[in-house]
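These notes are about the structure you will find just below.
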Protein chains: 2
Amino acid sequence: MDEEADAASRRPATIGDVARLAGVATSTVSRALTVPGRVSEATRKRVVAAAAELSYVPSSHARSLVSGTTRTVALLVPDIANPFYFGLIRGAQRQLRAAGYAQLLVDTEESAEIEADTVDLMRKSADGVILAASRLDERQLATLAQRQPIVTVNRDVPGVPSVILDTPDGARQALLHLRSLGHRRIVYVGGPADSWSSARRWQALQATAAALDVDLQQSGPWMPHAEAGATAADAVVGTATACIVFNDVLAFGMLRRLRERGVRVPEDLSIVGCDDVFGADFCDPPLTTIAAPIEEAGRVAVTMLLDTIAGTGSGRTRAILPTYLRARRSSGPAADGHPAPVSRTAPSGRGS
Amino acid sequence: MDEEADAASRRPATIGDVARLAGVATSTVSRALTVPGRVSEATRKRVVAAAAELSYVPSSHARSLVSGTTRTVALLVPDIANPFYFGLIRGAQRQLRAAGYAQLLVDTEESAEIEADTVDLMRKSADGVILAASRLDERQLATLAQRQPIVTVNRDVPGVPSVILDTPDGARQALLHLRSLGHRRIVYVGGPADSWSSARRWQALQATAAALDVDLQQSGPWMPHAEAGATAADAVVGTATACIVFNDVLAFGMLRRLRERGVRVPEDLSIVGCDDVFGADFCDPPLTTIAAPIEEAGRVAVTMLLDTIAGTGSGRTRAILPTYLRARRSSGPAADGHPAPVSRTAPSGRGS
DNA sequence: GTGAAAGCGCTAACAA
DNA sequence: TTGTTAGCGCTTTCAC
């Protein structure tokens with residue numbers, strides 16, 4: 001049994017093994033493999049050949065130890081199974097791969113505690129953290145952001161770089177859309193109590209409703225799961241002719257319940273969701289929804305984070321991504337409604 | 001400006017900082033924080049207090065360097081945006097968290113090359129790798145598995161521990177189901193050319209069809225995306241009265257196309273999908289599908305991998321998880337068909 | 001252009 | 001029970 005040849009395939013080769021095989025010092029191997037022109041072409045070739053033969057892969061941990069950097073970014077999402085986050089995850093991963101970074105994905109299970117603990121843990125294991133729909137309060141977020149590079153998605157806290165999907169504007173568009181279809185009694189089916197996005201949307205809706213002669217109510221809070229949709233649907237039926245729902249997943253649950261109860265969509269109740277997630281175009285009926293460029297949000301978040309890490313912070317600390325209403329079959333004319341003239345600019349001010 | 005107090009919040013505290021503050025040696029800190037009874041209660045308290053004050057988090061990298069272990073497991077999936085993998089990811093993450101492991105999630109973008117490269121990279125950054133629906137060939141897989149702990153999901157290669165969802169059996173159930181509804185011309189809408197699962201299902205179907213007096217054809221290969229469903233649908237229409245589709249996502253795309261073309265489901269064409277993913281129960285019409293315990297698969301894969309890593313390999317190297325047919329509206333009686341008596345045991349042998 | 005040596009933060013002998 | 005020391009694999013001075 002040839003010990004030499006065998007050792008390589010058993011125990012991962014170290015820089016020392018490569019050095020020995022190439023007949024050089026470890027420092028030379030390091031240079032040959034990382035710094036371009038710091039070593040003679042001849043040695044470089046020998047080293048590269050040796051590394052290949054031993055299928056040498058540098059230990060990222062050893063590297064991190066000395067460099068203090070990990071080439072890893074953590075992405076924290078409240079619920080991996082929520083299709084809203086797919087695009088985010090994928091957009092982030094693409095951008096990270098391109099930059100030579102690894103992605104540490106963590107499902108915080110919608111718990112502020114798990115989230116805080118994880119962020120703390122990541123202080124050592126990741127160069128930075130992306131927080132999607134954070135459940136933490138402003139103070140915590142601000143404090144954490146001082147300790148380590150953080151970018152939030154859909155959460156705006158002073159001093160913390162963030163990527164915001166402009167769903168309040170989308171909600172405004174939805175309200176105008178429904179009003180133009182003749183709806184005057186509209187319910188906002190809200191998300192979790194601690195959801196910053198949901199609160200902002202509700203504010204935007206209220207401001208717009210006042211000027212539109214719309215009777216707007218809020219229902220909830222509801223967890224953003226399909227299961228919660230059943231109860232949410234029951235709460236809405238009879239109280240309004242249309243509703244704007246916190247997100248598509250919740251709306252899916254409502255759709256199912258309404259079908260069970262024989263409530264027709266959109267004839268008896270119009271529904272507008274949010275996010276345009278996987279499934280919104282083939283559910284029954286297809287869901288009118290506020291579409292957001294979520295994959296782009298992932299890319300932008302990574303770019304901002306990497307800037308922060310590199311200290312290249314060009315100052316851009318807040319990206320707002322536009323959303324738009326994608327009308328499908330789940331919204332239609334109100335049975336007894338009088339349409340209103342519509343302009344894309346909400347009466348309450350603020351254009352697109 | 002108080003340098004002492006400040007230093008802690010600026011630069012993450014090391015074990016040395018804690019030792020100094022507690023007035024002990026670093027090794028004592030290490031012991032106090034990791035080995036339960038190896039230190040006096042009094043010192044332990046002092047150390048813990050000091051650590052808390054400095055909000056000390058051990059460097060996982062330094063730890064890895066000395067222990068040779070990373071407490072990290074990599075999960076490679078071909079396409080993060082495919083809802084099939086949600087359950088897997090979540091099941092894996094739950095089990096990993098419970099064991100104190102971190103999860104490194106990588107989207108290999110359905111590329112064998114990215115997959116192979118990543119597995120190689122992970123040799124140093126993860127203690128083991130879970131490969132979902134691997135695109136690698138048997139030889140590569142076997143070689144890699146010799147170098148590092150690997151568990152595959154839905155891929156069986158001798159010498160590589162694996163978790164298999166018994167979808168061939170599910171496909172058999174689907175065929176019986178369709179036959180009992182009177183269908184005799186059935187198409188299997190196949191997955192990617194290099195998909196091991198798809199090949200196995202096709203084999204199982206052929207074996208069963210022979211004994212059932214069913215005219216079974218294969219269509220494809222198709223990429224498992226909704227977009228491919230349009231072409232797949234066009235290829236099937238008119239050639240059969242029912243089809244069994246590689247997975248739900250592809251079936252969703254078919255459903256949409258069929259609606260556009262005015263082909264009624266199930267009256268003109270019955271459809272059976274596979275995986276029972278998010279959306280299968282609220283698409284239009286709801287999809288009859290082969291349901292698989294995918295979240296459990298994630299958990300089991302982690303357990304097997306952790307066993308392999310620990311060397312506790314109790315010998316169980318292959319877990320087969322049963323699947324079952326979940327009938328919904330997308331499958332119905334054949335317009336011109338003659339039902340067949342049904343037994344849950346396929347004529348070709350092999351029970352449940 | 002290359003080698004020797006120190007040290008990143010931690011754990012695991014080995015002493016005391 | 002605790003401290004001292006060596007060393008994990010790598011990069012980075014500092015010499016030569």
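Residue names in the structure tokens use chain letters A, B, ... in the order shown, residue numbers from 1 in each chain, and ligand numbers from 1 in the order shown.
For chain A, the residues close to chain B, meaning within 6 Å and counting only C-alpha atoms, are A:Ser59, A:His61, A:Ala81, A:Phe86, A:Leu104, A:Lys124, A:Gly279, A:Phe282, A:Cys283, A:Asp284.
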Keeping only C-alpha atoms, write the selected residues as a PDB file, in the first residue's frame.
```pdb
ATOM      1  CA  SER A  59      -8.904  25.836   3.912  1.00  0.00           C
ATOM      2  CA  HIS A  61     -11.141  28.517   7.836  1.00  0.00           C
ATOM      3  CA  ALA A  81     -41.176  27.954   2.695  1.00  0.00           C
ATOM      4  CA  PHE A  86     -37.236  32.365  -3.398  1.00  0.00           C
ATOM      5  CA  LEU A 104     -25.347  30.992   4.700  1.00  0.00           C
ATOM      6  CA  LYS A 124     -17.772  35.674  13.560  1.00  0.00           C
ATOM      7  CA  GLY A 279     -48.658  30.290  -8.015  1.00  0.00           C
ATOM      8  CA  PHE A 282     -52.238  29.693 -11.928  1.00  0.00           C
ATOM      9  CA  CYS A 283     -54.380  29.676  -8.828  1.00  0.00           C
ATOM     10  CA  ASP A 284     -58.130  29.749  -9.173  1.00  0.00           C
TER      11      ASP A 284
END
```
Could you do a least-squares fit of chain A on chain B over every C-alpha atom, in sequence order, and give the output as a compact mmCIF listing (two decimals) with C-alpha atoms, in the first residue's frame?
```txt
# COMPACT_ATOMS: atom_id res chain seq x y z
CA MET A 1 -13.08 58.18 25.09
CA ASP A 2 -12.73 55.01 27.12
CA GLU A 3 -10.58 52.73 25.04
CA GLU A 4 -11.19 49.64 27.12
CA ALA A 5 -14.96 49.73 27.05
CA ASP A 6 -15.03 50.78 23.45
CA ALA A 7 -12.74 48.15 22.07
CA ALA A 8 -15.21 45.43 22.91
CA SER A 9 -18.06 46.76 20.86
CA ARG A 10 -15.84 47.70 17.91
CA ARG A 11 -13.77 44.63 17.36
CA PRO A 12 -15.36 41.33 18.33
CA ALA A 13 -14.01 40.05 21.62
CA THR A 14 -11.57 37.15 21.52
CA ILE A 15 -10.96 34.48 24.07
CA GLY A 16 -8.01 36.56 25.22
CA ASP A 17 -10.24 39.52 26.07
CA VAL A 18 -12.46 37.30 28.15
CA ALA A 19 -9.48 35.74 29.91
CA ARG A 20 -8.09 39.15 30.78
CA LEU A 21 -11.41 40.42 32.12
CA ALA A 22 -11.94 37.26 34.17
CA GLY A 23 -8.35 37.18 35.34
CA VAL A 24 -7.62 33.67 34.10
CA ALA A 25 -5.73 31.98 31.28
CA THR A 26 -7.24 31.49 27.86
CA SER A 27 -7.16 27.75 28.30
CA THR A 28 -9.35 28.14 31.36
CA VAL A 29 -11.86 30.18 29.42
CA SER A 30 -11.94 27.53 26.75
CA ARG A 31 -12.55 24.84 29.33
CA ALA A 32 -15.15 26.81 31.24
CA LEU A 33 -17.11 27.40 28.07
CA THR A 34 -16.90 23.95 26.52
CA VAL A 35 -16.03 21.15 28.95
CA PRO A 36 -18.61 20.94 31.74
CA GLY A 37 -16.90 19.87 34.96
CA ARG A 38 -13.29 20.71 34.21
CA VAL A 39 -13.17 23.98 36.09
CA SER A 40 -14.25 25.19 39.54
CA GLU A 41 -17.74 26.56 39.83
CA ALA A 42 -16.43 29.93 40.96
CA THR A 43 -14.16 30.43 37.97
CA ARG A 44 -16.80 29.16 35.63
CA LYS A 45 -19.16 31.86 36.83
CA ARG A 46 -16.53 34.58 36.49
CA VAL A 47 -15.72 33.46 32.98
CA VAL A 48 -19.33 33.23 31.89
CA ALA A 49 -19.99 36.69 33.29
CA ALA A 50 -16.99 38.13 31.50
CA ALA A 51 -17.99 36.46 28.25
CA ALA A 52 -21.50 37.83 28.54
CA GLU A 53 -20.27 41.34 29.28
CA LEU A 54 -18.09 41.34 26.20
CA SER A 55 -20.80 39.50 24.27
CA TYR A 56 -18.16 37.04 23.29
CA VAL A 57 -18.85 34.56 20.52
CA PRO A 58 -16.20 31.91 19.82
CA SER A 59 -14.75 32.04 16.35
CA SER A 60 -16.05 29.03 14.52
CA HIS A 61 -13.17 29.36 12.12
CA ALA A 62 -10.48 29.15 14.74
CA ARG A 63 -12.34 26.28 16.23
CA SER A 64 -12.55 24.52 12.90
CA LEU A 65 -8.87 25.00 12.34
CA VAL A 66 -7.91 23.08 15.41
CA SER A 67 -10.73 20.57 15.49
CA GLY A 68 -10.73 19.87 11.78
CA THR A 69 -14.51 19.97 11.97
CA THR A 70 -16.81 22.78 10.87
CA ARG A 71 -20.25 22.08 12.30
CA THR A 72 -21.58 22.98 8.90
CA VAL A 73 -23.37 20.91 6.32
CA ALA A 74 -23.83 21.89 2.71
CA LEU A 75 -27.12 21.30 0.95
CA LEU A 76 -26.97 21.39 -2.82
CA VAL A 77 -30.17 21.72 -4.80
CA PRO A 78 -30.53 22.09 -8.57
CA ASP A 79 -32.95 25.00 -8.36
CA ILE A 80 -33.86 26.93 -5.26
CA ALA A 81 -36.94 28.33 -6.92
CA ASN A 82 -38.47 24.90 -7.37
CA PRO A 83 -40.96 24.57 -4.53
CA PHE A 84 -40.20 20.88 -4.33
CA TYR A 85 -37.04 21.76 -2.47
CA PHE A 86 -38.66 23.97 0.16
CA GLY A 87 -39.69 21.09 2.28
CA LEU A 88 -36.33 19.48 1.89
CA ILE A 89 -34.50 22.64 2.84
CA ARG A 90 -36.70 23.24 5.81
CA GLY A 91 -36.60 19.65 7.05
CA ALA A 92 -32.83 19.63 6.77
CA GLN A 93 -32.48 22.98 8.47
CA ARG A 94 -34.65 21.94 11.42
CA GLN A 95 -32.67 18.80 12.04
CA LEU A 96 -29.38 20.62 11.60
CA ARG A 97 -30.28 23.39 13.98
CA ALA A 98 -31.25 20.82 16.57
CA ALA A 99 -27.82 19.25 16.22
CA GLY A 100 -26.05 22.60 16.40
CA TYR A 101 -25.04 22.63 12.78
CA ALA A 102 -25.23 25.41 10.24
CA GLN A 103 -26.57 24.94 6.75
CA LEU A 104 -24.80 26.12 3.64
CA LEU A 105 -27.38 26.21 0.88
CA VAL A 106 -26.21 26.22 -2.71
CA ASP A 107 -28.22 26.44 -5.90
CA THR A 108 -26.32 24.46 -8.51
CA GLU A 109 -28.49 25.80 -11.30
CA GLU A 110 -29.01 22.32 -12.70
CA SER A 111 -25.40 22.19 -13.77
CA ALA A 112 -23.31 19.09 -13.14
CA GLU A 113 -20.19 21.20 -13.34
CA ILE A 114 -21.22 23.71 -10.69
CA GLU A 115 -22.30 20.80 -8.58
CA ALA A 116 -18.97 18.99 -8.83
CA ASP A 117 -16.99 22.16 -8.19
CA THR A 118 -19.10 23.01 -5.17
CA VAL A 119 -18.81 19.58 -3.63
CA ASP A 120 -15.07 19.87 -4.00
CA LEU A 121 -15.02 23.27 -2.39
CA MET A 122 -17.10 22.00 0.48
CA ARG A 123 -14.51 19.42 1.32
CA LYS A 124 -12.92 22.03 3.51
CA SER A 125 -15.86 24.21 4.46
CA ALA A 126 -18.40 21.60 5.46
CA ASP A 127 -18.33 18.36 7.35
CA GLY A 128 -20.60 16.76 4.83
CA VAL A 129 -22.80 17.37 1.83
CA ILE A 130 -26.38 16.55 0.96
CA LEU A 131 -26.98 16.27 -2.76
CA ALA A 132 -30.56 16.62 -3.90
CA ALA A 133 -31.38 15.23 -7.34
CA SER A 134 -27.73 15.12 -8.28
CA ARG A 135 -26.80 15.58 -11.90
CA LEU A 136 -23.47 13.82 -11.46
CA ASP A 137 -22.85 10.38 -12.89
CA GLU A 138 -22.35 7.27 -10.79
CA ARG A 139 -18.58 7.25 -10.99
CA GLN A 140 -18.17 10.85 -9.89
CA LEU A 141 -20.62 10.36 -7.07
CA ALA A 142 -18.88 7.23 -5.82
CA THR A 143 -15.49 8.92 -5.98
CA LEU A 144 -16.64 12.01 -4.14
CA ALA A 145 -18.34 9.93 -1.48
CA GLN A 146 -15.03 8.29 -0.72
CA ARG A 147 -13.41 11.60 -0.04
CA GLN A 148 -16.10 13.10 2.16
CA PRO A 149 -19.40 12.27 3.82
CA ILE A 150 -22.18 12.53 1.29
CA VAL A 151 -25.85 11.67 1.34
CA THR A 152 -27.93 11.83 -1.79
CA VAL A 153 -31.64 12.47 -2.04
CA ASN A 154 -33.47 10.77 -4.88
CA ARG A 155 -30.39 9.20 -6.29
CA ASP A 156 -29.18 5.72 -5.56
CA VAL A 157 -25.55 4.86 -6.17
CA PRO A 158 -23.82 1.86 -4.61
CA GLY A 159 -21.69 2.96 -1.70
CA VAL A 160 -23.41 6.31 -1.30
CA PRO A 161 -25.96 6.63 1.51
CA SER A 162 -29.24 7.87 0.13
CA VAL A 163 -32.78 8.87 0.84
CA ILE A 164 -35.15 7.80 -1.87
CA LEU A 165 -38.71 8.93 -2.37
CA ASP A 166 -40.51 5.97 -3.83
CA THR A 167 -42.05 7.87 -6.72
CA PRO A 168 -41.88 4.86 -9.04
CA ASP A 169 -44.43 3.28 -6.78
CA GLY A 170 -46.39 6.50 -6.84
CA ALA A 171 -46.25 6.47 -10.63
CA ARG A 172 -47.58 2.92 -10.60
CA GLN A 173 -50.45 4.06 -8.40
CA ALA A 174 -51.12 6.90 -10.80
CA LEU A 175 -51.24 4.54 -13.74
CA LEU A 176 -53.70 2.25 -11.97
CA HIS A 177 -55.78 5.24 -11.02
CA LEU A 178 -55.96 6.44 -14.58
CA ARG A 179 -56.64 2.99 -15.93
CA SER A 180 -59.45 2.53 -13.44
CA LEU A 181 -60.94 5.73 -14.79
CA GLY A 182 -60.98 4.15 -18.23
CA HIS A 183 -57.85 5.67 -19.78
CA ARG A 184 -55.94 3.49 -22.23
CA ARG A 185 -53.75 5.98 -24.06
CA ILE A 186 -51.43 7.53 -21.56
CA VAL A 187 -48.29 9.61 -21.91
CA TYR A 188 -45.47 9.96 -19.43
CA VAL A 189 -44.20 13.52 -19.68
CA GLY A 190 -40.57 13.01 -18.68
CA GLY A 191 -38.13 15.20 -16.80
CA PRO A 192 -34.55 16.16 -17.67
CA ALA A 193 -32.57 13.63 -19.68
CA ASP A 194 -30.11 13.08 -16.85
CA SER A 195 -32.74 12.72 -14.15
CA TRP A 196 -32.38 9.41 -12.36
CA SER A 197 -35.85 9.75 -10.83
CA SER A 198 -37.47 10.28 -14.17
CA ALA A 199 -35.76 7.25 -15.67
CA ARG A 200 -36.84 5.05 -12.79
CA ARG A 201 -40.42 6.19 -13.02
CA TRP A 202 -40.51 5.49 -16.70
CA GLN A 203 -39.23 1.96 -16.10
CA ALA A 204 -41.83 1.34 -13.41
CA LEU A 205 -44.57 2.66 -15.65
CA GLN A 206 -43.55 0.51 -18.59
CA ALA A 207 -43.51 -2.60 -16.45
CA THR A 208 -46.96 -1.85 -15.14
CA ALA A 209 -48.49 -0.73 -18.43
CA ALA A 210 -47.70 -4.00 -20.15
CA ALA A 211 -49.97 -5.93 -17.82
CA LEU A 212 -52.71 -3.32 -17.84
CA ASP A 213 -53.44 -3.14 -21.52
CA VAL A 214 -52.44 0.49 -21.62
CA ASP A 215 -50.79 2.20 -24.54
CA LEU A 216 -48.01 4.10 -22.81
CA GLN A 217 -45.74 6.60 -24.54
CA GLN A 218 -43.01 8.87 -23.29
CA SER A 219 -42.67 12.52 -24.17
CA GLY A 220 -39.73 14.72 -23.46
CA PRO A 221 -37.19 15.21 -22.04
CA TRP A 222 -38.41 18.46 -20.57
CA MET A 223 -36.82 20.87 -18.15
CA PRO A 224 -38.77 20.92 -14.89
CA HIS A 225 -39.93 24.50 -15.27
CA ALA A 226 -43.39 25.92 -15.76
CA GLU A 227 -42.22 27.50 -19.02
CA ALA A 228 -41.46 24.11 -20.53
CA GLY A 229 -45.02 23.09 -19.77
CA ALA A 230 -46.41 24.93 -22.77
CA THR A 231 -44.45 22.90 -25.29
CA ALA A 232 -45.01 19.73 -23.30
CA ALA A 233 -48.76 20.31 -23.34
CA ASP A 234 -48.76 20.85 -27.09
CA ALA A 235 -46.87 17.60 -27.54
CA VAL A 236 -49.41 15.62 -25.58
CA VAL A 237 -52.72 17.00 -26.83
CA GLY A 238 -54.42 14.59 -29.17
CA THR A 239 -52.04 11.74 -28.56
CA ALA A 240 -53.51 10.58 -25.27
CA THR A 241 -56.42 11.02 -22.90
CA ALA A 242 -54.28 11.22 -19.80
CA CYS A 243 -50.74 11.96 -18.76
CA ILE A 244 -48.44 11.50 -15.83
CA VAL A 245 -46.08 14.41 -15.54
CA PHE A 246 -42.53 14.43 -14.18
CA ASN A 247 -43.38 17.05 -11.59
CA ASP A 248 -45.99 19.54 -10.52
CA VAL A 249 -44.16 22.60 -11.73
CA LEU A 250 -44.07 21.25 -15.24
CA ALA A 251 -47.73 20.28 -14.86
CA PHE A 252 -48.61 23.83 -13.82
CA GLY A 253 -47.17 25.08 -17.05
CA MET A 254 -49.16 22.51 -18.99
CA LEU A 255 -52.36 23.46 -17.19
CA ARG A 256 -51.95 27.04 -18.19
CA ARG A 257 -51.27 26.21 -21.81
CA LEU A 258 -54.20 23.84 -22.00
CA ARG A 259 -56.51 26.51 -20.67
CA GLU A 260 -55.26 28.91 -23.34
CA ARG A 261 -55.91 26.33 -26.00
CA GLY A 262 -59.36 25.51 -24.67
CA VAL A 263 -58.46 21.96 -23.79
CA ARG A 264 -60.51 21.01 -20.74
CA VAL A 265 -58.91 19.26 -17.77
CA PRO A 266 -59.85 16.56 -16.95
CA GLU A 267 -62.62 16.16 -19.55
CA ASP A 268 -60.30 16.26 -22.55
CA LEU A 269 -57.09 15.37 -20.79
CA SER A 270 -56.43 14.03 -17.31
CA ILE A 271 -53.26 15.10 -15.61
CA VAL A 272 -51.31 13.65 -12.71
CA GLY A 273 -48.35 15.56 -11.34
CA CYS A 274 -45.67 14.63 -8.87
CA ASP A 275 -44.44 16.09 -5.55
CA ASP A 276 -47.59 17.76 -4.24
CA VAL A 277 -45.80 21.09 -4.09
CA PHE A 278 -47.07 24.42 -2.90
CA GLY A 279 -49.79 25.37 -5.35
CA ALA A 280 -50.96 21.90 -6.33
CA ASP A 281 -54.10 22.27 -4.24
CA PHE A 282 -55.11 25.70 -5.43
CA CYS A 283 -54.22 25.69 -9.09
CA ASP A 284 -56.96 25.43 -11.66
CA PRO A 285 -58.05 22.69 -11.59
CA PRO A 286 -56.41 21.37 -8.42
CA LEU A 287 -53.78 18.85 -9.39
CA THR A 288 -53.92 15.14 -8.76
CA THR A 289 -50.39 14.37 -7.75
CA ILE A 290 -47.96 11.88 -6.30
CA ALA A 291 -47.37 13.16 -2.78
CA ALA A 292 -44.03 12.57 -1.12
CA PRO A 293 -42.91 13.21 2.48
CA ILE A 294 -40.24 15.62 1.37
CA GLU A 295 -39.69 17.40 4.66
CA GLU A 296 -39.11 14.06 6.29
CA ALA A 297 -36.64 13.27 3.54
CA GLY A 298 -34.66 16.34 4.58
CA ARG A 299 -34.64 15.27 8.20
CA VAL A 300 -33.64 11.71 7.40
CA ALA A 301 -30.88 12.85 5.07
CA VAL A 302 -29.39 14.99 7.82
CA THR A 303 -29.60 12.18 10.33
CA MET A 304 -27.85 9.80 7.99
CA LEU A 305 -25.19 12.35 7.16
CA LEU A 306 -24.50 13.17 10.78
CA ASP A 307 -24.24 9.44 11.47
CA THR A 308 -21.73 9.07 8.70
CA ILE A 309 -19.73 12.02 9.96
CA ALA A 310 -19.69 10.69 13.49
CA GLY A 311 -18.75 7.26 12.22
CA THR A 312 -21.84 6.02 14.02
CA GLY A 313 -22.88 4.56 10.70
CA SER A 314 -25.27 1.99 12.09
CA GLY A 315 -25.16 0.50 8.65
CA ARG A 316 -28.37 2.03 7.42
CA THR A 317 -27.29 3.44 4.16
CA ARG A 318 -30.52 3.71 2.29
CA ALA A 319 -33.90 5.03 3.35
CA ILE A 320 -36.89 4.58 1.09
CA LEU A 321 -39.83 6.84 1.85
CA PRO A 322 -43.28 5.85 0.62
CA THR A 323 -45.36 8.04 -1.64
CA TYR A 324 -49.05 8.03 -2.32
CA LEU A 325 -51.42 9.36 -4.86
CA ARG A 326 -53.43 12.39 -3.86
CA ALA A 327 -56.42 12.58 -6.16
CA ARG A 328 -57.78 16.00 -7.01
CA ARG A 329 -59.79 17.43 -9.82
CA SER A 330 -57.24 17.30 -12.65
CA SER A 331 -57.89 13.59 -13.18
CA GLY A 332 -61.27 12.22 -14.18
CA PRO A 333 -62.98 9.53 -16.25
CA ALA A 334 -61.92 9.05 -19.82
CA ALA A 335 -64.54 10.31 -22.27
CA ASP A 336 -64.62 7.06 -24.17
CA GLY A 337 -62.98 4.80 -21.70
CA HIS A 338 -63.82 1.54 -20.09
CA PRO A 339 -62.91 1.41 -16.46
CA ALA A 340 -60.78 -1.44 -15.22
CA PRO A 341 -61.07 -3.18 -11.89
CA VAL A 342 -58.39 -1.96 -9.60
CA SER A 343 -56.23 -3.47 -6.92
CA ARG A 344 -53.68 -1.39 -5.10
CA THR A 345 -51.12 -4.02 -5.90
CA ALA A 346 -49.73 -3.46 -9.34
CA PRO A 347 -50.11 -6.49 -11.60
CA SER A 348 -46.39 -6.39 -12.29
CA GLY A 349 -45.70 -7.45 -8.74
CA ARG A 350 -44.37 -5.50 -5.77
CA GLY A 351 -46.91 -4.35 -3.21
CA SER A 352 -47.01 -1.05 -1.40
```
Open item on the list: Taking only C-alpha atoms (C1' of nucleotides) into account, find every residue of chain C that has an atom no more than 12 Å from chain A, and write it out as a PyMOL selection string.
Closed with: chain C and resi 1-10
Open item on the list: What parts of range 101-313 of chain B does DSSP call alpha helix (DSSP H)? I'd like the answer as a VMD selection string.
Closed with: chain B and resid 112 to 125 138 to 147 167 to 180 196 to 212 228 to 236 248 to 261 294 to 310
Open item on the list: With only C-alpha atoms (C1' of nucleotides) considered, list every residue of chain D at most 9 Å from chain A, as a PyMOL selection string.
Closed with: chain D and resi 8-12
Go ahead and write the residues just picked, C-alpha atoms (C1' of nucleotides), as a PDB file, in the first residue's frame.
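Written file, again-v5.pdb:
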```pdb
ATOM      1  C1'  DC D   8      -4.369  23.323  13.538  1.00  0.00           C
ATOM      2  C1'  DG D   9      -3.484  25.672   7.902  1.00  0.00           C
ATOM      3  C1'  DC D  10      -2.763  29.607   6.212  1.00  0.00           C
ATOM      4  C1'  DT D  11      -0.817  34.560   5.031  1.00  0.00           C
ATOM      5  C1'  DT D  12       2.474  37.894   5.771  1.00  0.00           C
TER       6       DT D  12
END
```
